[in-house]
$ cat protein31.cif   # mmCIF, C-alpha atoms
data_work
loop_
_atom_site.label_atom_id
_atom_site.label_comp_id
_atom_site.auth_asym_id
_atom_site.auth_seq_id
_atom_site.Cartn_x
_atom_site.Cartn_y
_atom_site.Cartn_z
CA MET A 1 -9.23 -2.66 47.38
CA PRO A 2 -10.69 -4.24 50.54
CA THR A 3 -14.44 -3.85 50.91
CA ASP A 4 -13.94 -2.79 54.56
CA LEU A 5 -11.28 -0.15 53.78
CA ASP A 6 -10.63 2.05 56.85
CA PRO A 7 -11.06 4.97 56.45
CA PRO A 8 -13.41 4.48 53.49
CA LEU A 9 -12.72 6.22 50.20
CA GLY A 10 -14.38 9.61 50.11
CA THR A 11 -13.51 10.41 53.74
CA SER A 12 -12.38 14.03 53.93
CA TYR A 13 -8.72 14.75 54.62
CA ARG A 14 -9.50 16.31 58.01
CA ALA A 15 -11.76 13.46 59.07
CA ALA A 16 -9.16 10.89 58.03
CA LEU A 17 -6.41 12.48 60.16
CA GLY A 18 -5.83 11.64 63.83
CA TYR A 19 -5.62 15.33 64.73
CA PRO A 20 -6.31 16.96 68.13
CA PRO A 21 -9.46 19.09 68.63
CA SER A 22 -9.85 22.15 66.43
CA GLU A 23 -8.91 24.62 69.19
CA CYS A 24 -5.41 23.15 69.15
CA ILE A 25 -4.95 23.61 65.41
CA GLN A 26 -3.15 26.91 64.93
CA ALA A 27 -4.35 29.21 62.16
CA ILE A 28 -1.60 30.24 59.74
CA PRO A 29 -1.22 33.84 61.13
CA ALA A 30 -1.33 32.69 64.78
CA HIS A 31 1.76 32.37 66.95
CA SER A 32 0.36 32.11 70.49
CA VAL A 33 0.59 28.82 72.40
CA PRO A 34 -2.80 27.41 73.49
CA ALA A 35 -3.12 25.21 76.58
CA CYS A 36 -3.71 21.88 74.86
CA VAL A 37 -3.31 19.21 77.53
CA PHE A 38 -4.51 15.64 77.00
CA GLY A 39 -3.60 12.11 78.06
CA ASP A 40 -3.94 11.46 81.79
CA LEU A 41 -4.70 14.92 83.18
CA THR A 42 -3.67 13.78 86.66
CA GLY A 43 -0.41 12.26 85.43
CA ARG A 44 2.75 13.28 87.26
CA ARG A 45 4.93 12.90 84.18
CA THR A 46 4.65 15.02 81.05
CA VAL A 47 5.28 14.25 77.40
CA VAL A 48 5.22 17.08 74.85
CA LEU A 49 4.37 16.53 71.17
CA TYR A 50 5.92 19.32 69.08
CA GLY A 51 6.06 19.97 65.35
CA ASP A 52 3.92 20.58 62.30
CA SER A 53 1.09 18.52 60.79
CA HIS A 54 3.45 15.53 60.72
CA ALA A 55 3.47 15.74 64.52
CA GLY A 56 -0.27 16.43 64.73
CA MET A 57 -1.06 13.30 62.72
CA TRP A 58 0.31 11.13 65.57
CA PHE A 59 -1.91 12.81 68.19
CA ASP A 60 -4.66 10.17 68.51
CA ALA A 61 -2.17 7.34 68.85
CA LEU A 62 0.02 9.22 71.35
CA ASP A 63 -3.00 10.39 73.36
CA GLY A 64 -4.10 6.78 73.76
CA ILE A 65 -0.61 5.77 74.87
CA ALA A 66 -0.43 8.65 77.38
CA LYS A 67 -3.82 7.76 78.88
CA SER A 68 -2.89 4.08 79.22
CA ASP A 69 0.50 4.76 80.76
CA GLY A 70 -0.46 7.66 83.07
CA TRP A 71 1.27 10.52 81.27
CA LYS A 72 0.07 14.07 80.76
CA LEU A 73 0.30 14.99 77.05
CA VAL A 74 0.91 18.58 75.93
CA VAL A 75 0.37 19.21 72.21
CA LEU A 76 2.22 22.09 70.51
CA PHE A 77 1.81 21.98 66.76
CA LYS A 78 1.28 24.40 63.91
CA GLU A 79 0.53 23.30 60.37
CA SER A 80 3.19 24.08 57.74
CA CYS A 81 5.67 25.15 60.46
CA PRO A 82 8.46 22.66 61.29
CA ALA A 83 9.83 22.17 64.79
CA SER A 84 13.35 23.14 63.68
CA THR A 85 13.93 26.86 64.02
CA VAL A 86 14.59 27.53 60.35
CA PRO A 87 12.93 30.17 58.15
CA VAL A 88 10.47 28.52 55.76
CA LEU A 89 8.10 29.49 52.97
CA TYR A 90 4.32 29.30 53.04
CA LEU A 91 2.61 29.71 49.67
CA ARG A 92 6.00 30.89 48.33
CA THR A 93 6.28 33.75 50.81
CA GLU A 94 8.25 33.98 54.05
CA PHE A 95 6.32 32.50 56.96
CA ALA A 96 6.85 35.16 59.63
CA SER A 97 4.34 33.76 62.12
CA CYS A 98 6.25 30.47 62.06
CA ASP A 99 9.36 32.24 63.35
CA ARG A 100 7.35 33.85 66.17
CA TRP A 101 5.71 30.50 66.93
CA HIS A 102 9.14 28.89 67.38
CA ALA A 103 10.10 31.47 70.00
CA SER A 104 6.81 31.06 71.91
CA VAL A 105 6.89 27.27 71.86
CA ILE A 106 10.50 26.89 72.95
CA LYS A 107 9.80 29.21 75.89
CA ARG A 108 6.76 27.05 76.79
CA ILE A 109 8.70 23.78 76.55
CA ASP A 110 11.55 25.15 78.65
CA ALA A 111 9.05 26.23 81.32
CA LEU A 112 7.41 22.79 81.30
CA ASP A 113 10.78 21.00 81.41
CA PRO A 114 8.99 17.81 80.27
CA ASP A 115 10.08 14.29 81.03
CA VAL A 116 9.90 13.50 77.30
CA LEU A 117 9.83 15.75 74.25
CA VAL A 118 8.59 14.12 71.03
CA ILE A 119 9.32 15.93 67.77
CA SER A 120 8.12 15.13 64.27
CA GLN A 121 8.17 17.25 61.11
CA GLN A 122 8.18 17.35 57.34
CA VAL A 123 11.00 18.83 55.25
CA TYR A 124 10.40 22.38 54.00
CA MET A 125 11.47 24.87 51.38
CA SER A 126 13.97 27.51 52.42
CA PRO A 127 13.48 31.22 51.66
CA ARG A 128 15.57 30.56 48.53
CA ASN A 129 12.60 28.51 47.26
CA ALA A 130 14.58 25.26 47.34
CA ARG A 131 14.54 22.35 49.75
CA TYR A 132 17.05 22.61 52.58
CA ALA A 133 20.11 20.49 51.90
CA PRO A 134 20.17 17.35 54.10
CA LYS A 135 23.24 18.64 55.98
CA ALA A 136 21.49 21.95 56.75
CA TRP A 137 18.43 20.00 57.94
CA THR A 138 20.65 17.89 60.21
CA ASP A 139 22.30 20.98 61.70
CA ALA A 140 18.97 22.75 62.33
CA LEU A 141 17.36 19.80 64.10
CA ALA A 142 20.49 19.00 66.12
CA SER A 143 20.65 22.64 67.25
CA LEU A 144 17.03 22.55 68.43
CA LEU A 145 17.53 19.26 70.28
CA ARG A 146 20.60 20.61 72.08
CA THR A 147 18.89 23.89 73.00
CA VAL A 148 15.42 22.94 74.20
CA HIS A 149 14.95 21.63 77.75
CA ALA A 150 13.61 18.11 78.30
CA ARG A 151 14.86 15.11 80.25
CA ARG A 152 14.57 12.86 77.21
CA LYS A 153 14.15 13.79 73.57
CA VAL A 154 12.67 11.65 70.80
CA VAL A 155 12.39 12.26 67.07
CA ILE A 156 9.68 10.36 65.17
CA GLY A 157 11.07 10.14 61.65
CA ASP A 158 8.93 11.27 58.75
CA ILE A 159 6.86 8.77 56.80
CA PRO A 160 7.26 7.94 53.10
CA GLY A 161 4.87 9.59 50.67
CA THR A 162 2.70 7.88 48.05
CA GLY A 163 -0.24 8.67 45.81
CA GLY A 164 -2.57 8.41 48.80
CA PRO A 165 -6.35 7.86 48.64
CA GLY A 166 -6.55 9.61 45.27
CA CYS A 167 -4.44 6.90 43.72
CA VAL A 168 -6.54 4.16 45.34
CA SER A 169 -9.75 5.65 43.97
CA SER A 170 -8.27 5.93 40.46
CA ASP A 171 -8.07 2.13 40.17
CA PRO A 172 -9.61 0.22 43.10
CA ASN A 173 -8.82 -3.08 41.36
CA ASP A 174 -5.06 -2.47 41.34
CA VAL A 175 -4.05 -0.70 44.55
CA GLY A 176 -0.58 -2.27 44.22
CA ALA A 177 0.08 0.07 41.32
CA CYS A 178 0.08 2.97 43.82
CA ALA A 179 3.05 1.61 45.78
CA VAL A 180 6.25 3.68 45.69
CA PRO A 181 9.68 1.99 45.48
CA VAL A 182 11.70 2.76 48.60
CA GLU A 183 14.80 3.82 46.66
CA ALA A 184 12.74 6.33 44.64
CA GLU A 185 11.36 8.07 47.73
CA LEU A 186 12.15 11.80 47.74
CA TYR A 187 12.53 12.06 51.52
CA ALA A 188 15.06 9.24 52.00
CA PRO A 189 18.06 11.62 52.42
CA TYR A 190 16.14 13.57 55.06
CA VAL A 191 15.32 10.44 57.03
CA GLU A 192 19.04 9.90 57.36
CA ALA A 193 19.59 13.62 58.09
CA GLU A 194 17.24 13.47 61.09
CA ARG A 195 18.71 10.17 62.27
CA VAL A 196 22.15 11.81 62.31
CA ALA A 197 20.81 14.92 64.08
CA ALA A 198 19.26 12.82 66.84
CA ARG A 199 22.46 10.85 67.31
CA GLU A 200 24.59 14.03 67.46
CA ALA A 201 22.28 15.57 70.08
CA GLY A 202 21.89 12.45 72.23
CA ALA A 203 18.22 11.99 71.31
CA THR A 204 16.33 8.84 70.32
CA TYR A 205 15.36 8.42 66.67
CA ILE A 206 12.35 6.30 65.71
CA SER A 207 12.39 5.06 62.12
CA THR A 208 8.81 4.80 60.84
CA TRP A 209 9.62 3.36 57.43
CA PRO A 210 9.51 -0.31 58.53
CA TRP A 211 5.87 0.32 59.51
CA PHE A 212 5.07 1.49 55.96
CA CYS A 213 7.45 -0.22 53.56
CA THR A 214 9.18 -3.46 52.58
CA THR A 215 10.81 -3.16 49.17
CA VAL A 216 7.93 -0.84 48.26
CA CYS A 217 5.66 1.50 50.22
CA PRO A 218 2.01 0.52 49.58
CA VAL A 219 -1.06 2.67 50.09
CA VAL A 220 -3.21 -0.14 51.52
CA ILE A 221 -2.00 -2.47 54.29
CA GLY A 222 -4.46 -5.09 55.50
CA HIS A 223 -7.81 -3.28 55.42
CA TYR A 224 -6.27 0.12 56.21
CA ASP A 225 -6.07 3.06 53.83
CA VAL A 226 -2.65 4.04 55.13
CA TYR A 227 -2.68 7.70 54.11
CA ALA A 228 -5.08 10.59 54.71
CA ASP A 229 -3.42 12.29 51.74
CA PRO A 230 -0.12 11.62 49.91
CA THR A 231 2.07 12.64 52.88
CA HIS A 232 0.02 12.15 56.09
CA VAL A 233 -0.79 8.88 57.84
CA SER A 234 -4.48 8.23 58.39
CA GLY A 235 -5.75 8.21 61.95
CA ALA A 236 -6.96 4.64 61.44
CA TYR A 237 -3.52 3.33 60.47
CA ALA A 238 -1.76 5.42 63.14
CA GLY A 239 -4.13 3.80 65.65
CA PHE A 240 -3.17 0.38 64.31
CA LEU A 241 0.49 1.34 64.96
CA ARG A 242 -0.21 2.47 68.53
CA GLU A 243 1.38 -0.51 70.31
CA VAL A 244 4.56 -0.51 68.24
CA LEU A 245 4.82 3.28 68.72
CA ALA A 246 4.36 2.80 72.48
CA GLN A 247 7.19 0.27 72.55
CA LYS A 248 9.50 2.63 70.67
CA LEU A 249 8.62 5.64 72.85
CA ASN A 250 9.14 3.60 76.00
CA LEU A 251 7.02 5.86 78.18
#

$ encode --input "protein31.cif" --output "structure tokens"
Amino acid sequence: MPTDLDPPLGTSYRAALGYPPSECIQAIPAHSVPACVFGDLTGRRTVVLYGDSHAGMWFDALDGIAKSDGWKLVVLFKESCPASTVPVLYLRTEFASCDRWHASVIKRIDALDPDVLVISQQVYMSPRNARYAPKAWTDALASLLRTVHARRKVVIGDIPGTGGPGCVSSDPNDVGACAVPVEAELYAPYVEAERVAAREAGATYISTWPWFCTTVCPVVIGHYDVYADPTHVSGAYAGFLREVLAQKLNL
């Protein structure tokens, strides 16, 4: 483990994330849409970031890009609630406020008619208490992309998961042992599912895996602790990826 690990071990999950301010983090029962506008507040072009915590974790990096390139950034995210308008479970019960959130957000996006809509999300359990099949996940995302109004639509693919900081702390002298083989990654079929959905709907798909993996997906890259927890990128590493993300977004 590097002596200058960023963020350091022991950093809380919330502090390690590149989340927006607390007023833009929706409580689980909430379904209203707060006015969370960032980036260049005088910008004439608008980019919307929409999704769950896997969208929220890119906030800091995208906010920096928007400020640099003169874009207004609107953030619409709710933890544990994907962008795709599918019914999901929260703590093994139906997540009713997520359904109402979808309706409110889509209405807001359509009213904004943004220049660019950026979507990112994790894969969720269906009301049958099983993961959506990849084909069902493709259909749901493609339907959303076709329905919602935006001049250009971009999907940031999900990141691979690993043992996260907990694994690093368990053996700081062998962080390589925490790496996950790419072919063993649970979410690989869903990466392809979202790539297909974007292609079917005429959207751009950004593959994030080359930023995290070679033949394996490590938990430490350079001096960065890559993950805030096993499935979320740390704000520090997302910041390190800012320029490559900017190139892919092409704002």

$ resolve_selection --input "protein31.cif" --expression "the PyMOL selection byres ((chain A and resi 228) around 6)" --output "list of chain:residue names"
A:Tyr13, A:Ala16, A:Leu17, A:Tyr227, A:Asp229, A:His232, A:Val233, A:Ser234

$ residues_around --input "protein31.cif" --residues "A:Val75" --least-positions-apart "3" --cutoff "6 Å" --atoms "all atoms listed in the file" --output "PyMOL selection string"
chain A and resi 36+48-49

$ closest_residue --input "protein31.cif" --among "A:Ile109, A:Ala83, A:Val33, A:Ala236" --to "A:Ala15" --atoms "all atoms listed in the file"
A:Ala236

$ closest_residue --input "protein31.cif" --among "A:Val155, A:Val219, A:Pro127, A:Glu192" --to "A:Gly176" --atoms "all atoms listed in the file"
A:Val219

$ atom_distance --input "protein31.cif" --atom1 "atom CA of A:Val216" --atom2 "atom CA of A:Asp4"
22.8 Å

$ residues_around --input "protein31.cif" --residues "A:Asp69" --least-positions-apart "2" --cutoff "12 Å" --atoms "all atoms listed in the file" --output "list in words"
Gly39, Asp40, Leu41, Thr42, Gly43, Arg44, Arg45, Thr46, Val47, Leu62, Asp63, Gly64, Ile65, Ala66, Lys67, Trp71, Lys72, Leu73, Glu243, Ala246, Gln247, Leu249, Asn250 and Leu251 of chain A

$ resolve_selection --input "protein31.cif" --expression "the PyMOL selection byres ((chain A and resi 238) around 9)" --output "list of chain:residue names"
A:Leu17, A:Gly18, A:Met57, A:Trp58, A:Phe59, A:Asp60, A:Ala61, A:Val226, A:Val233, A:Ser234, A:Gly235, A:Ala236, A:Tyr237, A:Gly239, A:Phe240, A:Leu241, A:Arg242, A:Leu245

$ atom_distance --input "protein31.cif" --atom1 "atom CA of A:Val244" --atom2 "atom CA of A:Lys153"
18.0 Å

$ closest_residue --input "protein31.cif" --among "A:Val180, A:Ile206, A:Ile28, A:Leu5" --to "A:Val220" --atoms "all atoms listed in the file"
A:Leu5

$ closest_residue --input "protein31.cif" --among "A:Asp158, A:Asp113, A:Asp6, A:Glu194" --to "A:Trp211" --atoms "only C-alpha atoms"
A:Asp158

$ residues_around --input "protein31.cif" --residues "stretch 139-151 of chain A" --least-positions-apart "4" --cutoff "8 Å" --atoms "all atoms listed in the file" --output "list in words"
Ala83, Ser84, Thr85, Val86, Ile106, Ile109, Asp110, Asp113, Pro114, Asp115, Val116, Leu117, Lys135, Glu194, Ala197, Ala198, Glu200, Ala201 and Ala203 of chain A

$ write_last_selection --input "protein31.cif" --atoms "C-alpha atoms" --output "mmCIF file, in the frame of the given file"
data_model
loop_
_atom_site.group_PDB
_atom_site.id
_atom_site.type_symbol
_atom_site.label_atom_id
_atom_site.label_comp_id
_atom_site.auth_asym_id
_atom_site.auth_seq_id
_atom_site.Cartn_x
_atom_site.Cartn_y
_atom_site.Cartn_z
ATOM 1 C CA ALA A 83 9.830 22.170 64.790
ATOM 2 C CA SER A 84 13.350 23.140 63.680
ATOM 3 C CA THR A 85 13.930 26.860 64.020
ATOM 4 C CA VAL A 86 14.590 27.530 60.350
ATOM 5 C CA ILE A 106 10.500 26.890 72.950
ATOM 6 C CA ILE A 109 8.700 23.780 76.550
ATOM 7 C CA ASP A 110 11.550 25.150 78.650
ATOM 8 C CA ASP A 113 10.780 21.000 81.410
ATOM 9 C CA PRO A 114 8.990 17.810 80.270
ATOM 10 C CA ASP A 115 10.080 14.290 81.030
ATOM 11 C CA VAL A 116 9.900 13.500 77.300
ATOM 12 C CA LEU A 117 9.830 15.750 74.250
ATOM 13 C CA LYS A 135 23.240 18.640 55.980
ATOM 14 C CA GLU A 194 17.240 13.470 61.090
ATOM 15 C CA ALA A 197 20.810 14.920 64.080
ATOM 16 C CA ALA A 198 19.260 12.820 66.840
ATOM 17 C CA GLU A 200 24.590 14.030 67.460
ATOM 18 C CA ALA A 201 22.280 15.570 70.080
ATOM 19 C CA ALA A 203 18.220 11.990 71.310
#

$ atom_distance --input "protein31.cif" --atom1 "atom CA of A:Thr138" --atom2 "atom CA of A:Ala193"
4.9 Å

$ closest_residue --input "protein31.cif" --among "A:Ala55, A:Ala96, A:Val88, A:Ala133" --to "A:Ile159" --atoms "all atoms listed in the file"
A:Ala55

$ residues_around --input "protein31.cif" --residues "A:Pro230" --least-positions-apart "3" --cutoff "7 Å" --atoms "only C-alpha atoms" --output "list in words"
Gly161, Thr162, Gly163, Gly164 and Tyr227 of chain A

$ closest_residue --input "protein31.cif" --among "A:Lys107, A:Glu183, A:Val154, A:Thr3" --to "A:Arg199" --atoms "all atoms listed in the file"
A:Val154

$ axis_aligned_box --input "protein31.cif" --around "stretch 135-147 of chain A" --padding-each-side "3 Å" --output "AutoDock Vina command-line options"
--center_x 20.1 --center_y 20.9 --center_z 64.5 --size_x 12.2 --size_y 12.0 --size_z 23.0
